[in-house]
Structures are given as structure tokens and as C-alpha cells.
Amino acid sequence: MITQKTYRQPDSAGKFGKYGGKYVPETLITPLLELEKAYNSIKDDEDFNFQLANLNKNYTGRPTPLTYAERVTNHFSKAKVYFKREDLCHTGAHKINNVLGQILLAKRIGKKRIIAETGAGQHGVATATACAKFGLQCVVYMGESDIERQKPNVFRMKLLGAEVVPVSSGSKTLKDATNEAIRDWVTNVEDTHYIIGSVVGPHPYPMIVRDFQSIIGRETKEQIFLEEQRLPDYLVACVGGGSNAIGFFYPFMDDKTKKIGIEAAGYGLNINKHCATLTLGREGIFQGMKTYLLQNTDGQVNEVHSISAGLDYPGVGPEHSLLKDNGLVEYYSITDEEALYAVKLVSELEGIIPALETAHALAYLNYLLPKTSKDEIVIVNISGRGDKDLNTIINYFNPK
Amino acid sequence: MKKSRLENYINEIKLHEGKVLSVFITCGFPSPDGFEELVLSLFDAGADMIELGVPFSDPIADGSVIQFSSQQALSQGINLERTLLIAEKIKSQSDKPIILMGYANPFLSYGVSELAKSIKEIGIDGIIVPDVPIEEYDDFFEDNFNEVDTILLVSPTTPTERVIEIGNKSSGFVYCVSVKGITGKQHIEQKNSIEYVRGLRHILKNKNILVGFGISDEQTAYKFSGVSDGVIIGSAVIKSILNSNGTYKETLDFVKRIKNKISNY
């Protein structure tokens with residue numbers, strides 16, 4: 001794993017500034033310490049890195065391409081736009097990068113049963129896929145609302161041999177699936193490894209997931225140097241929990257490249273049905289971490305909304321909270337409607353159907369590009385493909 | 001060391017009545033109307049102390065029964081502020097201990113130093129925050145809780161050195177989680193759990209230990225109180241309230257039976 005020269009996070013207690021940490025019941029402390037120890041012992045291990053590199057190359061299909069988006073570029077007639085193509089990863093999104101790393105880790109610490117939470121289903125599919133490949137038992141928790149709107153992914157998980165457990169508590173979405181996965185982990189901690197799908201939860205998860213996802217940024221850096229012989233001016237990625245964004249940004253943390261994270265504004269920021277955690281949230285403690293949180297004045301977690309199940313989350317990774325506060329990354333938000341039109345635009349101009357999550361980052365080009373000049377370079381991380389969202393998209397554009 | 005009212009209180013009970021019974025109940029459940037009376041009658045039935053649960057939207061350490069009671073309480077407008085008001089009313093009618101139990105975020109949102117002040121004013125005896133382990137203790141409590149008991153938890157996954165560390169930091173008593181898992185667990189492997197608590201007894205010689213999670217009937221309560229200083233019941237009480245239609249007679253009888261059973265030690 002690479003580390004940055006000047007940007008070094010988290011500290012040894014798992015804090016990103018005042019964020020992060022391990023706010024979990026006592027039962028989980030020892031497994032978290034074990035996990036951290038195991039991770040520290042393998043992250044620079046040659047065998048481990050060789051195994052992971054081999055899987056990334058021959059199973060996931062890495063490196064993923066950096067595609068010049070020529071017609072999108074012409075559409076705006078401003079900066080040159082490139083796409084980092086995580087949609088071309090096996091299983092259709094960046095989630096597999098983290099899962100393969102964690103599966104190898106789980107094998108190292110001798111865990112036979114894997115659990116995961118999923119929102120859009122991409123992390124669940126990636127986990128089910130890796131479990132099938134490694135012959136491990138797999139249980140995926142998924143909110144009932146998400147099961148409804150991401151049906152194809154539910155079928156995929158089942159086909160891959162995973163058990164999908166519907167979660168009916170709370171808002172029946174990603175946060176509730178995560179609660180349920182944590183409860184399972186507390187109960188079955190001896191033989192079970194919990195593969196968290198984003199840079200959220202207690203330390204060491206935000207660090208581990210970031211490190212495994214940072215292959216996105218490392219490849220991007222090499223590829224853009226090859227193509228343009230220089231660093232990009234802007235990186236744009238969507239942020240739910242924030243794993244694709246951190247993985248994309250992290251290798252550029254010491255560089256002057258501007259990094260922009262896009263949250264889901266849902267129906268709009270003014271009607272309180274959104275997931276713009278960093279824009280409108282405040283400090284809270286949630287699912288094991290201290291981080292920005294969408295909550296009411298009593299400290300109860302809000303029921304949030306985004307058309308994209310993967311961004312439908314009231315918290316955000318603690319590292320993003322730090323990066324927001326210190327200004328190293330800028331965060332903005334995009335509404336459901338803007339995202340849907342971005343899906344259409346990019347499908348028509350580039351022949352790429354992006355996931356609704358990704359579409360939030362793409363929609364931001366409407367705001368960013370007019371401010372750029374022709375000699376600048378923008379790279380958008382295409383975190384996933386949109387096949388899973390076809391129902392939602394069809395229903396929006398052709399309501400019955 | 002803090003001078004601990006809870007510790008003295010527990011020691012006193014051990015001298016005269018055997019073991020301690022602590023009852024967890026979500027504040028405002030089943031209804032804010034008549035809740036204070038319910039707590040007072042729980043005291044009368046034999047609860048030596050009450051753990052008053054502050055409802056939270058995302059209770060990761062709780063099983064379905066307490067989750068449900070939290071949702072009920074929230075939907076009836078219970079928040080930390082109202083919980084404190086209710087505690088104040090109970091305190092004005094009983095001097096038995098009340099311990100505030102809740103997840104970190106509502107406390108953080110209220111302001112931890114503000115909370116410490118309110119707790120002192122009302123005379124609440126202690127606080128339990130299950131998602132603040134010793135790693136986060138100093139960041140979370142800062143110096144605000146020097147005069148209020150902060151009760152910490154140990155669990156079957158806690159190694160010995162850590163049990164000692166937690167024991168040193170915990171005041172009032174040590175909350176021993178009997179099993180790996182969430183509250184309200186149905187089938188616990190009693191033999192292992194009892195051996196585990198017996199082991200703790202030897203490590204934490206100078207501390208009172210109360211055992212919670214999965215204590216659902218008299219027999220279990222009796223067995224666990226044999227190796228500890230008392231037991232905590234929560235989900236079982238809430239379940240019984242759910243099953244009783246309006247009167248709390250069965251619930252109070254249940255509490256009475258448990259208290260009688262463990263007093264034989």
C-alpha cells in the first residue's frame with residue numbers, strides 16, 4: 001500500500017482529526033483490534049499484495065480504462081473530460097476492489113462466514129461474488145425499500161449463493177441494513193467477518209476500505225500521465241459513504257489537483273429529503289464513528305432520501321468529514337432529477353449508462369465545466385454501471 | 001476514585017437482602033402518561049435501581065424488543081430533555097437510584113457538559129453509554145463526569161488485562177454483558193456464560209458486578225446472581241409490558257418473583 005508524504009490519516013487511534021474512532025459496544029472492540037493487527041501485518045506483505053494484484057488483474061479486470069469522453073467534452077467546449085471506468089470492473093462497480101482485499105484478510109484471520117450490508121446492491125453482489133469464488137458462507141443485509149428498487153441485484157446475489165436478509169426496521173434502507181449487520185456481527189463475532197462496503201464504521205474500517213479502493217486513484221494518476229503528461233485539474237466523484245471518492249482522491253492528496261465530492265440532494269436541500277450530509281449535517285456519533293450526520297435537534301438520525309440507493313445514507317465516512325473541515329476536498333450536491341438527466345446525457349453522448357450514484361458526479365459537470373478553460377483536465381470517476389437502475393430510470397422518464 | 005453513591009448502595013443491599021436487581025426500561029414506554037407511576041411501582045415490586053433508557057433511532061446493541069420500545073417512545077415525543085424531566089419527577093418521589101442509559105449521539109447532541117450539569121442537579125446516580133468504550137472515554141466524557149458514576153461494560157470478548165483496565169475506570173459497578181450478542185437474546189449457553197462471569201468475579205475482586213443481556217426468567221437470574229452481585233433485566237420486562245393489556249400486574253409480579261428469587265443468595 002502506498003502512503004502519502006505529507007497527508008497522513010488516520011492517527012494510531014483511528015482518528016481523522018476529531019472524526020472516526022471506535023464508538024462500538026465492548027464486544028466488538030477485541031475483533032476490531034484483531035482486524036487492525038491483521039491488516040497491519042499483511043498490508044506490506046509481498047504474498048498478500050501479489051495475491052490481491054493477481055485477483056485485481058485476472059478476476060476484476062484491472063486496470064480499468066481511462067476513457068476520453070470526447071462528445072461530453074465537445075458538448076461543453078471547455079475542459080477536457082476523462083472517465084475513470086470503474087463501471088467496467090467485474091460485478092459492475094468499484095465495490096469489488098474492497099471486497100477482494102477484505103476476503104483475503106478474512107481468510108488470514110480464519111473467518112468462515114462473511115456478512116455485509118448493501119444499499120444499491122453493488123456491494124452485496126461484489127461480496128456474494130467473492131464468497132462464491134472463495135467458497136465462504138455469505139449473508140447480505142438489505143433494506144426492504146432497497147430490495148424493491150434494486151431487484152436485479154437481489155436476484156444476482158441469490159444466484160451467487162448468498163442469503164439476502166430483508167431489513168424492515170427504520171427507513172428500510174442502507175443505514176438500517178448496516179445496523180442489522182452490526183447486530184449480526186456482535187452476535188457471531190467468533191467465526192464471522194463483517195465486510196463493510198464503504199469508508200464508514202469504526203476504525204480500522206475507514207482506513208482499510210480506503211486503502212483497498214485507492215487503486216482507483218493510483219491507476220488514474222499513471223494513466224493521465226501517460227495520456228497528458230500531467231496531473232488533472234479536477235477530480236469529481238459521488239459521495240454516499242464515500243469509498244469510491246476516497247479511493248479516487250487519496251493518491252492525489254498531496255497534489256494541487258482540485259478534488260470535488262458530490263452528495264445526493266434528493267428532492268432538494270430545502271425540503272429536508274436529501275442525503276447532503278456534509279453540506280447540511282453536523283457532528284454526530286453513528287454506526288461506530290464520529291462524523292457529520294443528518295440528525296434532528298434531539299440527536300436522532302434523520303430518515304433521508306435519494307433516488308440512488310447507494311447514496312441513501314445519513315452519515316458519511318469520517319475522513320470526508322475531516323477533508324470537508326480542512327478544505328482539501330470541496331463538497332456539493334445534486335438532486336434526483338439532475339442525476340437522472342445526467343444518466344440520459346452521458347448514455348446518449350458516450351454510450352455509457354452510468355449508475356444513478358455516479359450520475360450525481362456527472363451532473364455536476366453542468367456547474368463545473370462552464371468555469372473551466374480548454375486547457376484544463378477533469379476526470380470523473382464512473383463508480384458503477386447503470387443496469388441495476390433501469391427500472392427506476394424507465395419509471396421516471398416513462399411513467400405508467 | 002469517585003465517591004460513589006451507587007457503590008455504597010449496592011454494598012448496603014448485599015449486606016441485608018442478598019443480590020441487586022436493576023431494571024432497564026425505555027423512558028416513556030409504553031406511554032409517557034403514567035410512566036413515572038410505572039417506575040415507582042417497579043421500585044415497589046423489588047427493583048433496586050432503574051436504568052432509564054434514552055431512546056435512539058439506531059440502537060445497534062439492542063434486539064427487536066428494545067428497538068421496538070425505542071421507536072414507540074420516539075414516536076410519542078420522548079427525547080433526552082423529556083427523559084431528564086421524567087427522571088426529575090421520579091427522583092422527587094423516590095430516593096432509589098436512577099441510571100441514565102443511552103447511545104452516545106443524543107448525549108453528544110445535547111452537549112456532554114450540559115448533560116453532566118443536569119444530571120447533577122436532578123440527582124441522577126450514573127450513566128451508561130454502551131457505544132463509548134474506554135478508547136473513546138476521555139474524548140467523550142472529558143472531565144465532566146467526575147462526580148457522577150460512569151458505568152462501563154465488559155463482555156465475553158474482553159481479554160483479562162482489558163477487564164482490569166475497564167474495572168479501574170468504571171465507577172458504581174461493572175456492567176457485565178453475559179453473552180456475545182445483542183439485548184434480549186433468547187437462548188444463551190448458560191454454562192459457558194456462568195463460568196465466564198465466575199472468572200470475572202476473580203479478576204474484579206473489589207468491584208460490584210451486575211450481569212445483563214439475556215436474563216429472561218427467575219432461574220437464569222438466580223444462577224447469574226450466584227456468581228455476581230446482581231442482575232439487570234430489560235427486554236424481559238419490556239416484553240411483559242407489551243403482553244400485558246393496560247395493567248402492569250404481571251410485569252410487577254415478574255419483577256417481584258425475580259427479586260425474591262435472587263434475595264435467597
# chains A, B, ... in the order shown; residues from 1 in each chain; ligands from 1

$ select_by_dssp --residues "segment 59-262 of chain B" --states "strand (DSSP E or B)" --output "PyMOL selection string"
chain B and resi 98-102+126-128+149-150+152-154+174-177+209-212+230-233

$ write_last_selection --atoms "N, CA and C atoms" --output "PDB file, in the first residue's frame"
ATOM      1  N   ILE B  98     -31.358   6.104  40.018  1.00  0.00           N
ATOM      2  CA  ILE B  98     -31.720   6.105  38.605  1.00  0.00           C
ATOM      3  C   ILE B  98     -30.450   6.283  37.798  1.00  0.00           C
ATOM      4  N   ILE B  99     -30.298   5.420  36.824  1.00  0.00           N
ATOM      5  CA  ILE B  99     -29.135   5.483  35.949  1.00  0.00           C
ATOM      6  C   ILE B  99     -29.632   5.785  34.544  1.00  0.00           C
ATOM      7  N   LEU B 100     -28.982   6.714  33.900  1.00  0.00           N
ATOM      8  CA  LEU B 100     -29.356   7.046  32.533  1.00  0.00           C
ATOM      9  C   LEU B 100     -28.606   6.108  31.595  1.00  0.00           C
ATOM     10  N   MET B 101     -29.328   5.476  30.669  1.00  0.00           N
ATOM     11  CA  MET B 101     -28.642   4.591  29.726  1.00  0.00           C
ATOM     12  C   MET B 101     -29.040   4.978  28.313  1.00  0.00           C
ATOM     13  N   GLY B 102     -28.042   5.217  27.479  1.00  0.00           N
ATOM     14  CA  GLY B 102     -28.383   5.579  26.110  1.00  0.00           C
ATOM     15  C   GLY B 102     -27.163   5.620  25.214  1.00  0.00           C
ATOM     16  N   GLY B 126     -26.036   7.741  37.859  1.00  0.00           N
ATOM     17  CA  GLY B 126     -24.977   7.234  36.998  1.00  0.00           C
ATOM     18  C   GLY B 126     -25.400   7.278  35.543  1.00  0.00           C
ATOM     19  N   ILE B 127     -24.430   6.952  34.677  1.00  0.00           N
ATOM     20  CA  ILE B 127     -24.730   6.946  33.241  1.00  0.00           C
ATOM     21  C   ILE B 127     -24.023   5.763  32.590  1.00  0.00           C
ATOM     22  N   ILE B 128     -24.736   5.144  31.647  1.00  0.00           N
ATOM     23  CA  ILE B 128     -24.167   4.034  30.863  1.00  0.00           C
ATOM     24  C   ILE B 128     -24.322   4.392  29.387  1.00  0.00           C
ATOM     25  N   ASP B 149     -21.369   8.602  38.589  1.00  0.00           N
ATOM     26  CA  ASP B 149     -20.824   7.290  38.231  1.00  0.00           C
ATOM     27  C   ASP B 149     -20.948   7.039  36.738  1.00  0.00           C
ATOM     28  N   THR B 150     -19.847   6.650  36.132  1.00  0.00           N
ATOM     29  CA  THR B 150     -19.886   6.222  34.727  1.00  0.00           C
ATOM     30  C   THR B 150     -19.643   4.716  34.741  1.00  0.00           C
ATOM     31  N   LEU B 152     -19.126   1.201  33.097  1.00  0.00           N
ATOM     32  CA  LEU B 152     -18.603   0.649  31.847  1.00  0.00           C
ATOM     33  C   LEU B 152     -18.933  -0.835  31.738  1.00  0.00           C
ATOM     34  N   LEU B 153     -18.861  -1.322  30.506  1.00  0.00           N
ATOM     35  CA  LEU B 153     -19.263  -2.699  30.240  1.00  0.00           C
ATOM     36  C   LEU B 153     -18.062  -3.584  29.933  1.00  0.00           C
ATOM     37  N   VAL B 154     -18.139  -4.830  30.364  1.00  0.00           N
ATOM     38  CA  VAL B 154     -17.203  -5.838  29.889  1.00  0.00           C
ATOM     39  C   VAL B 154     -18.026  -6.922  29.200  1.00  0.00           C
ATOM     40  N   VAL B 174     -19.582  -2.633  37.656  1.00  0.00           N
ATOM     41  CA  VAL B 174     -19.187  -3.005  36.300  1.00  0.00           C
ATOM     42  C   VAL B 174     -20.360  -3.759  35.681  1.00  0.00           C
ATOM     43  N   TYR B 175     -20.742  -3.352  34.496  1.00  0.00           N
ATOM     44  CA  TYR B 175     -21.857  -3.975  33.784  1.00  0.00           C
ATOM     45  C   TYR B 175     -21.289  -5.125  32.962  1.00  0.00           C
ATOM     46  N   CYS B 176     -21.650  -6.315  33.352  1.00  0.00           N
ATOM     47  CA  CYS B 176     -21.123  -7.480  32.653  1.00  0.00           C
ATOM     48  C   CYS B 176     -22.135  -7.986  31.628  1.00  0.00           C
ATOM     49  N   VAL B 177     -21.769  -7.910  30.364  1.00  0.00           N
ATOM     50  CA  VAL B 177     -22.618  -8.429  29.290  1.00  0.00           C
ATOM     51  C   VAL B 177     -22.423  -9.936  29.268  1.00  0.00           C
ATOM     52  N   ILE B 209     -20.291  -6.391  40.443  1.00  0.00           N
ATOM     53  CA  ILE B 209     -20.586  -6.794  39.061  1.00  0.00           C
ATOM     54  C   ILE B 209     -22.080  -7.086  38.939  1.00  0.00           C
ATOM     55  N   LEU B 210     -22.723  -6.409  38.006  1.00  0.00           N
ATOM     56  CA  LEU B 210     -24.106  -6.767  37.691  1.00  0.00           C
ATOM     57  C   LEU B 210     -24.128  -7.360  36.288  1.00  0.00           C
ATOM     58  N   VAL B 211     -24.911  -8.425  36.121  1.00  0.00           N
ATOM     59  CA  VAL B 211     -24.931  -9.140  34.841  1.00  0.00           C
ATOM     60  C   VAL B 211     -26.203  -8.817  34.069  1.00  0.00           C
ATOM     61  N   GLY B 212     -26.027  -8.458  32.815  1.00  0.00           N
ATOM     62  CA  GLY B 212     -27.174  -8.146  31.978  1.00  0.00           C
ATOM     63  C   GLY B 212     -27.100  -8.831  30.630  1.00  0.00           C
ATOM     64  N   GLY B 230     -25.500  -9.173  41.299  1.00  0.00           N
ATOM     65  CA  GLY B 230     -26.892  -8.939  40.941  1.00  0.00           C
ATOM     66  C   GLY B 230     -27.086  -8.990  39.445  1.00  0.00           C
ATOM     67  N   VAL B 231     -28.334  -8.794  39.032  1.00  0.00           N
ATOM     68  CA  VAL B 231     -28.651  -8.922  37.612  1.00  0.00           C
ATOM     69  C   VAL B 231     -29.434  -7.707  37.113  1.00  0.00           C
ATOM     70  N   ILE B 232     -29.382  -7.565  35.794  1.00  0.00           N
ATOM     71  CA  ILE B 232     -30.113  -6.491  35.125  1.00  0.00           C
ATOM     72  C   ILE B 232     -31.115  -7.147  34.181  1.00  0.00           C
ATOM     73  N   ILE B 233     -32.373  -6.756  34.286  1.00  0.00           N
ATOM     74  CA  ILE B 233     -33.346  -7.269  33.321  1.00  0.00           C
ATOM     75  C   ILE B 233     -33.926  -6.107  32.517  1.00  0.00           C
TER      76      ILE B 233
END

$ closest_atom_pairs --of "chain B" --to "chain A" --cutoff "9 Å" --atoms "only C-alpha atoms" --output "CSV"
residue,atom,partner,partner_atom,distance
B:Pro55,CA,A:Gln300,CA,8.8
B:Phe56,CA,A:Gln300,CA,6.1
B:Ser57,CA,A:Gln300,CA,5.6
B:Asp58,CA,A:Asn179,CA,6.9
B:Pro59,CA,A:Asn179,CA,7.7
B:Ile60,CA,A:Asn179,CA,5.5
B:Ala61,CA,A:Arg183,CA,6.4
B:Asp62,CA,A:Arg183,CA,7.7
B:Gly63,CA,A:Arg183,CA,8.0
B:Gln67,CA,A:Ser169,CA,8.7
B:Gln71,CA,A:Gly170,CA,8.6
B:Leu74,CA,A:Gln300,CA,9.0
B:Asn79,CA,A:Asp298,CA,6.3
B:Leu80,CA,A:Asp298,CA,7.1
B:Glu81,CA,A:Asp298,CA,8.3
B:Tyr103,CA,A:Ile285,CA,8.8
B:Ala104,CA,A:Ile285,CA,6.4
B:Asn105,CA,A:Ile285,CA,5.0
B:Pro106,CA,A:Gly299,CA,4.3
B:Phe107,CA,A:Gly299,CA,7.6
B:Leu108,CA,A:Gly284,CA,7.0
B:Ser109,CA,A:Gly299,CA,5.1
B:Tyr110,CA,A:Asp298,CA,7.0
B:Val129,CA,A:Pro25,CA,8.9
B:Pro130,CA,A:Pro25,CA,5.4
B:Asp131,CA,A:Val24,CA,4.4
B:Val132,CA,A:Tyr23,CA,5.3
B:Pro133,CA,A:Glu26,CA,5.9
B:Ile134,CA,A:Glu26,CA,8.7
B:Glu135,CA,A:Lys22,CA,7.3
B:Glu136,CA,A:Tyr23,CA,6.9
B:Leu152,CA,A:Glu26,CA,8.9
B:Leu153,CA,A:Glu26,CA,6.5
B:Val154,CA,A:Glu26,CA,6.3
B:Ser155,CA,A:Thr27,CA,5.4
B:Pro156,CA,A:Thr27,CA,7.0
B:Thr157,CA,A:Thr27,CA,5.5
B:Thr158,CA,A:Thr30,CA,6.5
B:Pro159,CA,A:Thr30,CA,7.8
B:Val177,CA,A:Thr27,CA,8.5
B:Val179,CA,A:Thr187,CA,8.2
B:Lys180,CA,A:Thr187,CA,5.1
B:Gly181,CA,A:Thr187,CA,3.7
B:Ile182,CA,A:Arg183,CA,6.5

$ atom_distance --atom1 "atom CA of Val378 of chain A" --atom2 "atom CA of Pro65 of chain A"
15.3 Å

$ select_by_dssp --residues "segment 199-254 of chain B" --states "helix (DSSP H, G or I)" --output "PyMOL selection string"
chain B and resi 199-203+218-226+235-243+249-254

$ atom_distance --atom1 "atom CA of Asn74 of chain A" --atom2 "atom CA of Phe252 of chain A"
26.5 Å

$ atom_distance --atom1 "atom CA of Glu163 of chain A" --atom2 "atom CA of Gly119 of chain A"
15.2 Å

$ residues_around --residues "segment 152-160 of chain A" --least-positions-apart "3" --cutoff "7 Å" --atoms "only C-alpha atoms" --output "ChimeraX atom specification"
/A:121,124-125,128-129,132,147,163-164,388

$ residues_around --residues "segment 358-367 of chain A" --least-positions-apart "3" --cutoff "8 Å" --atoms "only C-alpha atoms" --output "PyMOL selection string"
chain A and resi 236-238+261-264+333-335+338-343+346+354-355+370-371+380-384

$ residues_around --residues "Asn260 of chain B" --least-positions-apart "6" --cutoff "12 Å" --atoms "only C-alpha atoms" --output "PyMOL selection string"
chain B and resi 17-21+45-48+218-219+221-222+225+253-254

$ write_last_selection --atoms "all heavy atoms" --output "short mmCIF file (atom, residue, chain, number, x, y, z; two decimals), in the first residue's frame"
data_model
loop_
_atom_site.label_atom_id
_atom_site.label_comp_id
_atom_site.auth_asym_id
_atom_site.auth_seq_id
_atom_site.Cartn_x
_atom_site.Cartn_y
_atom_site.Cartn_z
N GLU B 17 -30.00 -7.82 51.91
CA GLU B 17 -31.01 -8.52 51.12
C GLU B 17 -30.43 -9.49 50.10
O GLU B 17 -31.15 -9.99 49.24
CB GLU B 17 -31.85 -7.50 50.33
CG GLU B 17 -32.59 -6.51 51.16
CD GLU B 17 -33.15 -5.41 50.27
OE1 GLU B 17 -33.69 -5.73 49.20
OE2 GLU B 17 -33.01 -4.24 50.64
N GLY B 18 -29.14 -9.67 50.09
CA GLY B 18 -28.58 -10.57 49.09
C GLY B 18 -28.17 -9.83 47.83
O GLY B 18 -27.27 -9.01 47.87
N LYS B 19 -28.88 -10.10 46.73
CA LYS B 19 -28.40 -9.59 45.44
C LYS B 19 -29.24 -8.43 44.92
O LYS B 19 -30.39 -8.24 45.32
CB LYS B 19 -28.39 -10.72 44.41
CG LYS B 19 -27.61 -11.93 44.86
CD LYS B 19 -26.12 -11.66 44.92
CE LYS B 19 -25.37 -12.90 45.43
NZ LYS B 19 -23.93 -12.76 45.35
N VAL B 20 -28.64 -7.72 43.98
CA VAL B 20 -29.26 -6.49 43.47
C VAL B 20 -30.04 -6.77 42.19
O VAL B 20 -29.59 -7.52 41.33
CB VAL B 20 -28.15 -5.45 43.17
CG1 VAL B 20 -28.73 -4.22 42.49
CG2 VAL B 20 -27.43 -5.08 44.45
N LEU B 21 -31.20 -6.16 42.09
CA LEU B 21 -31.96 -6.24 40.84
C LEU B 21 -32.06 -4.85 40.22
O LEU B 21 -32.62 -3.92 40.81
CB LEU B 21 -33.37 -6.79 41.10
CG LEU B 21 -34.28 -6.79 39.87
CD1 LEU B 21 -33.71 -7.68 38.76
CD2 LEU B 21 -35.69 -7.24 40.23
N ALA B 45 -42.08 -3.08 43.57
CA ALA B 45 -42.12 -4.52 43.30
C ALA B 45 -40.78 -5.18 43.60
O ALA B 45 -40.70 -6.40 43.68
CB ALA B 45 -42.51 -4.77 41.85
N GLY B 46 -39.71 -4.38 43.70
CA GLY B 46 -38.43 -5.00 44.05
C GLY B 46 -37.24 -4.55 43.23
O GLY B 46 -36.13 -5.02 43.45
N ALA B 47 -37.46 -3.65 42.27
CA ALA B 47 -36.32 -3.12 41.53
C ALA B 47 -35.49 -2.25 42.49
O ALA B 47 -36.03 -1.35 43.12
CB ALA B 47 -36.79 -2.29 40.35
N ASP B 48 -34.20 -2.57 42.60
CA ASP B 48 -33.36 -1.77 43.48
C ASP B 48 -32.90 -0.50 42.79
O ASP B 48 -32.58 0.49 43.44
CB ASP B 48 -32.13 -2.59 43.91
CG ASP B 48 -32.54 -3.79 44.74
OD1 ASP B 48 -33.23 -3.57 45.76
OD2 ASP B 48 -32.18 -4.93 44.38
N GLU B 218 -36.62 -16.28 36.19
CA GLU B 218 -36.10 -16.38 37.56
C GLU B 218 -34.89 -17.30 37.66
O GLU B 218 -33.94 -17.01 38.36
CB GLU B 218 -37.20 -16.94 38.48
CG GLU B 218 -38.39 -16.05 38.63
CD GLU B 218 -39.66 -16.87 38.71
OE1 GLU B 218 -39.98 -17.39 39.79
OE2 GLU B 218 -40.30 -17.01 37.65
N GLN B 219 -34.99 -18.43 36.96
CA GLN B 219 -33.90 -19.41 37.05
C GLN B 219 -32.58 -18.80 36.59
O GLN B 219 -31.54 -18.94 37.23
CB GLN B 219 -34.23 -20.65 36.21
CG GLN B 219 -35.10 -21.67 36.91
CD GLN B 219 -34.62 -21.98 38.33
OE1 GLN B 219 -33.41 -22.08 38.60
NE2 GLN B 219 -35.55 -22.09 39.27
N ALA B 221 -31.82 -15.65 36.33
CA ALA B 221 -31.44 -14.58 37.25
C ALA B 221 -30.77 -15.18 38.49
O ALA B 221 -29.74 -14.68 38.95
CB ALA B 221 -32.67 -13.77 37.65
N TYR B 222 -31.34 -16.26 38.96
CA TYR B 222 -30.82 -16.91 40.17
C TYR B 222 -29.40 -17.41 39.92
O TYR B 222 -28.48 -17.18 40.71
CB TYR B 222 -31.74 -18.06 40.55
CG TYR B 222 -31.38 -18.77 41.83
CD1 TYR B 222 -31.59 -18.16 43.06
CD2 TYR B 222 -30.83 -20.05 41.80
CE1 TYR B 222 -31.25 -18.81 44.24
CE2 TYR B 222 -30.49 -20.72 42.99
CZ TYR B 222 -30.71 -20.09 44.20
OH TYR B 222 -30.38 -20.73 45.36
N SER B 225 -26.95 -14.52 39.51
CA SER B 225 -26.68 -13.73 40.71
C SER B 225 -25.80 -14.52 41.68
O SER B 225 -25.12 -13.93 42.52
CB SER B 225 -27.98 -13.27 41.37
OG SER B 225 -28.73 -14.39 41.76
N ASP B 253 -45.43 -8.52 39.05
CA ASP B 253 -45.27 -9.84 39.68
C ASP B 253 -43.96 -10.49 39.26
O ASP B 253 -43.26 -11.09 40.06
CB ASP B 253 -46.44 -10.76 39.29
CG ASP B 253 -47.70 -10.43 40.08
OD1 ASP B 253 -47.59 -9.67 41.06
OD2 ASP B 253 -48.78 -10.91 39.69
N PHE B 254 -43.67 -10.36 37.98
CA PHE B 254 -42.44 -10.91 37.42
C PHE B 254 -41.22 -10.32 38.13
O PHE B 254 -40.31 -11.04 38.57
CB PHE B 254 -42.42 -10.62 35.92
CG PHE B 254 -41.15 -10.99 35.21
CD1 PHE B 254 -40.73 -12.31 35.16
CD2 PHE B 254 -40.39 -10.02 34.57
CE1 PHE B 254 -39.56 -12.66 34.49
CE2 PHE B 254 -39.22 -10.36 33.90
CZ PHE B 254 -38.80 -11.68 33.86
#

$ closest_residue --among "B:Val237, B:Leu6, B:Ile78, B:Leu84" --to "Met49 of chain B" --atoms "only C-alpha atoms"
B:Leu6

$ closest_residue --among "A:Ser145, A:Asn398, A:Ser373, A:Asn272" --to "Asp233 of chain A" --atoms "only C-alpha atoms"
A:Ser373

$ closest_residue --among "B:Thr220, B:Asn206, B:Thr247, B:Ser75" --to "Ser178 of chain B" --atoms "only C-alpha atoms"
B:Thr220
